[in-house]
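Below is the file structure-v8.txt, which contains compact mmCIF, C-alpha atoms.
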# COMPACT_ATOMS: atom_id res chain seq x y z
CA GLY A 28 89.19 22.75 15.21
CA VAL A 29 86.21 24.40 16.78
CA GLY A 30 83.89 26.37 14.50
CA VAL A 31 82.06 29.62 15.20
CA ALA A 32 79.18 30.53 12.88
CA VAL A 33 79.05 34.26 12.19
CA ILE A 34 75.56 35.12 10.94
CA ASP A 35 76.00 38.68 9.73
CA SER A 36 76.82 40.81 6.67
CA GLY A 37 79.56 38.43 5.49
CA THR A 38 83.31 38.20 6.04
CA GLN A 39 86.34 38.02 3.80
CA ASP A 40 89.86 36.72 3.75
CA ALA A 41 92.07 38.75 6.09
CA ALA A 42 95.49 38.26 7.65
CA ASP A 43 93.88 38.21 11.10
CA LEU A 44 91.75 35.22 10.09
CA GLN A 45 94.66 33.05 8.91
CA ASN A 46 96.32 30.19 10.74
CA SER A 47 100.05 30.04 11.44
CA SER A 48 100.63 28.56 7.95
CA GLY A 49 98.88 31.51 6.29
CA LYS A 50 95.80 29.48 5.40
CA ASN A 51 92.48 31.23 5.90
CA ARG A 52 90.35 29.96 8.81
CA ILE A 53 87.07 30.79 7.05
CA VAL A 54 86.05 27.20 6.36
CA PHE A 55 82.53 27.80 5.04
CA LYS A 56 80.82 30.69 3.31
CA GLN A 57 77.36 31.07 1.89
CA SER A 58 74.86 33.82 1.25
CA TYR A 59 71.28 33.36 2.42
CA ILE A 60 70.16 36.59 0.73
CA THR A 61 67.66 36.05 -2.08
CA GLY A 62 69.28 36.95 -5.40
CA SER A 63 72.78 37.42 -4.01
CA THR A 64 75.46 34.73 -3.92
CA GLY A 65 78.32 36.97 -2.75
CA THR A 66 79.68 36.42 0.76
CA VAL A 67 82.19 39.28 0.95
CA ASP A 68 81.26 41.85 3.59
CA VAL A 69 80.51 45.06 1.70
CA TYR A 70 78.77 46.59 4.72
CA GLY A 71 81.73 46.12 7.08
CA HIS A 72 79.95 44.74 10.14
CA GLY A 73 80.51 41.00 9.71
CA ILE A 74 84.28 41.22 9.25
CA HIS A 75 84.40 43.45 12.35
CA VAL A 76 82.48 40.82 14.33
CA ALA A 77 84.63 37.98 12.92
CA GLY A 78 87.73 39.90 14.03
CA LEU A 79 86.38 40.40 17.55
CA ILE A 80 85.76 36.67 17.75
CA ALA A 81 88.61 35.08 15.81
CA GLY A 82 91.19 37.73 14.96
CA ASN A 83 94.75 36.59 15.70
CA GLY A 84 96.26 40.09 15.89
CA LYS A 85 98.50 39.65 12.84
CA SER A 86 97.46 42.98 11.26
CA SER A 87 98.22 44.89 14.47
CA ASN A 88 101.44 43.08 15.43
CA GLY A 89 99.56 41.31 18.21
CA GLN A 90 98.04 44.42 19.76
CA TYR A 91 94.42 43.53 18.92
CA GLU A 92 93.40 39.91 19.22
CA GLY A 93 89.94 38.33 19.21
CA SER A 94 88.55 36.33 22.12
CA ALA A 95 89.13 32.99 20.32
CA PRO A 96 92.05 33.64 17.94
CA ALA A 97 92.43 30.05 16.69
CA VAL A 98 88.82 29.06 15.90
CA ASN A 99 87.51 28.38 12.43
CA VAL A 100 84.98 30.88 11.11
CA LEU A 101 81.85 29.96 9.19
CA ASN A 102 80.45 32.86 7.19
CA PHE A 103 76.65 32.92 6.89
CA ARG A 104 75.76 36.15 5.04
CA VAL A 105 72.23 37.32 5.87
CA LEU A 106 72.63 41.12 5.80
CA ASP A 107 73.00 42.99 2.52
CA ASP A 108 75.31 45.83 1.46
CA ASN A 109 73.24 48.22 3.64
CA GLY A 110 73.15 45.94 6.69
CA MET A 111 69.53 44.94 6.07
CA GLY A 112 68.06 41.45 5.99
CA GLN A 113 64.94 39.42 6.52
CA ASP A 114 63.91 36.98 9.24
CA SER A 115 63.80 34.18 6.65
CA TYR A 116 67.48 34.74 5.78
CA VAL A 117 68.51 34.49 9.43
CA ILE A 118 66.25 31.50 10.12
CA ASN A 119 67.57 29.65 7.06
CA ALA A 120 71.15 30.33 8.15
CA ILE A 121 70.45 29.10 11.71
CA GLN A 122 68.90 25.92 10.30
CA ALA A 123 71.97 25.43 8.08
CA VAL A 124 74.25 25.85 11.12
CA ILE A 125 72.28 23.16 12.96
CA ASN A 126 72.62 20.83 9.95
CA LEU A 127 76.37 21.53 9.61
CA ARG A 128 77.23 21.48 13.32
CA THR A 129 78.96 18.10 13.34
CA THR A 130 80.67 18.53 9.95
CA TYR A 131 82.43 21.72 11.11
CA ASN A 132 82.35 21.19 14.90
CA ILE A 133 80.25 24.36 15.28
CA ARG A 134 80.04 25.17 18.98
CA VAL A 135 78.87 28.81 18.82
CA ILE A 136 76.55 30.94 16.70
CA ASN A 137 77.08 34.70 16.83
CA LEU A 138 74.10 36.90 15.95
CA SER A 139 75.15 40.55 16.24
CA LEU A 140 71.87 41.62 14.70
CA GLY A 141 68.30 42.16 15.76
CA ARG A 142 64.91 43.55 14.93
CA PRO A 143 62.01 44.88 17.00
CA VAL A 144 60.03 42.44 19.10
CA TYR A 145 56.52 41.89 17.72
CA GLU A 146 55.37 38.97 19.86
CA SER A 147 56.44 36.76 22.73
CA TYR A 148 59.72 34.91 22.24
CA LYS A 149 57.66 31.75 22.78
CA VAL A 150 56.03 32.13 19.34
CA ASP A 151 58.44 34.44 17.45
CA PRO A 152 59.86 32.43 14.49
CA LEU A 153 63.33 33.99 14.86
CA CYS A 154 63.45 33.11 18.55
CA GLN A 155 62.15 29.61 17.79
CA ALA A 156 65.07 29.09 15.38
CA VAL A 157 67.48 30.20 18.11
CA GLU A 158 65.81 27.78 20.51
CA GLN A 159 66.34 24.93 18.01
CA ALA A 160 70.06 25.76 17.81
CA TRP A 161 70.31 25.87 21.60
CA LYS A 162 68.52 22.51 21.91
CA ALA A 163 70.99 21.10 19.35
CA GLY A 164 73.81 21.94 21.77
CA ILE A 165 75.09 25.12 20.14
CA VAL A 166 75.91 28.15 22.29
CA VAL A 167 73.95 31.11 20.92
CA VAL A 168 75.38 34.60 21.36
CA ALA A 169 72.85 37.29 20.45
CA ALA A 170 73.08 41.07 20.58
CA ALA A 171 70.64 42.85 22.86
CA GLY A 172 70.28 45.78 20.49
CA ASN A 173 71.49 49.34 20.40
CA ASP A 174 68.31 51.27 21.16
CA GLY A 175 69.41 52.00 24.73
CA ARG A 176 67.11 54.34 26.59
CA ASP A 177 65.06 55.30 23.51
CA ASP A 178 61.87 56.68 25.05
CA SER A 179 59.84 57.11 21.85
CA ALA A 180 57.39 54.49 23.16
CA ALA A 181 57.09 56.32 26.53
CA THR A 182 58.45 53.27 28.38
CA ASN A 183 61.37 55.06 30.07
CA GLY A 184 63.62 53.15 27.69
CA TYR A 185 62.41 49.70 28.66
CA GLY A 186 61.50 47.19 25.99
CA THR A 187 64.27 48.21 23.60
CA ILE A 188 66.00 44.80 23.50
CA THR A 189 65.69 43.32 20.00
CA ALA A 190 64.85 39.81 18.84
CA PRO A 191 66.38 37.28 19.11
CA GLY A 192 68.25 38.83 22.05
CA ASN A 193 65.00 38.91 24.00
CA ASP A 194 64.90 35.11 24.13
CA PRO A 195 66.00 33.90 27.58
Is it possible to express this structure as structure tokens?
Amino acid sequence: GVGVAVIDSGTQDAADLQNSSGKNRIVFKQSYITGSTGTVDVYGHGIHVAGLIAGNGKSSNGQYEGSAPAVNVLNFRVLDDNGMGQDSYVINAIQAVINLRTTYNIRVINLSLGRPVYESYKVDPLCQAVEQAWKAGIVVVAAAGNDGRDDSAATNGYGTITAPGNDP
């Protein structure tokens, strides 16, 4: 089957992520957090994202189903128990996805995370990793960020998109 790499705070076994035989569709799991090997989502964001993508609706009697309810999920944990991470964790996970793309038929990376933009996407290491995935033929889905019309920088709310979502 097709694989979707969820680079987030982890996932865990759930009825909504099982196939029709009851076998879990999480086919790969690894932590990229220094000093932490656990891949279970303590923070609660990654399993939410995995459900939006791949949930089959089993837990809600079919009422809530993800956009691709039959795909395999690959769990790349880069955010800790408080939802925090480092660029290096995310970059290492993206590089691993690129290396594993044919083994697991990974067609999509989901990055529902971001951090402030410090430099042009053309030189930002996080954006460069995303570019490498894109050039390897993987669709990259990245969050724009949740800062909305924050005007603390006196920009009328502009410039609040986070990296790597700022990469065209």
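Using all atoms listed in the file, the contacts of region 85-101 of chain A at a cut-off of 7 Å, with sequence neighbours closer than 3 positions omitted, comprise Gly28, Val29, Gly30, Val31, Ala32, Val33, Ala42, Asp43, Arg52, Ile53, Val54, Phe55, Lys56, Gly78, Leu79, Ile80, Ala81 and Gly82 of chain A.
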At most 6 Å is the cut-off: for each residue in region 46-157 of chain A with any atom that close to an atom of region 175-195 of chain A, write down the nearest atom pair and the distance in Å rounded to one decimal, counting all atoms listed in the file, chain first then increasing number, as a tab-separated table.
residue	atom	partner	partner_atom	distance
A:Gly141	CA	A:Thr189	CA	5.1
A:Arg142	CA	A:Thr189	CA	5.1
A:Pro143	CA	A:Thr189	CA	5.0
A:Val144	CA	A:Ala190	CA	5.5
A:Tyr148	CA	A:Asp194	CA	5.5
A:Cys154	CA	A:Pro191	CA	5.1
Quick one: everything within 7 Å of region 108-119 of chain A, counting only C-alpha atoms, minus sequence neighbours fewer than 6 positions away in the same chain. Send it as JSON, numbers by chain. {"A": [36, 59, 60, 69, 70, 153, 156]}
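Residues of protein, DNA or RNA having at least one counted atom within 6 Å of (76.3, 34.2, 3.3), given all atoms listed in the file, are Gly37, Lys56, Gln57, Ser58, Tyr59, Thr66, Asn102, Phe103, Arg104 and Val105 of chain A.
What separates CA of Arg134 (chain A) from CA of Gln155 (chain A) is a distance of 18.5 Å.
Here CA of Gly49 (chain A) is placed at a distance of 28.3 Å from CA of Ile165 (chain A).
Of the residues listed (A:Thr130, A:Gln39, A:Asn173, A:Gln122), A:Gln39 shows the shortest atom-to-atom separation from Asp68 (chain A); distances use only C-alpha atoms.
The coordinates place CA of Ile34 (chain A) at 15.1 Å from CA of Trp161 (chain A).
Minimum distance to Thr64 (chain A) across A:Ile121, A:Asp107, A:Ile133, A:Val168 (counting all atoms listed in the file) occurs at A:Asp107.
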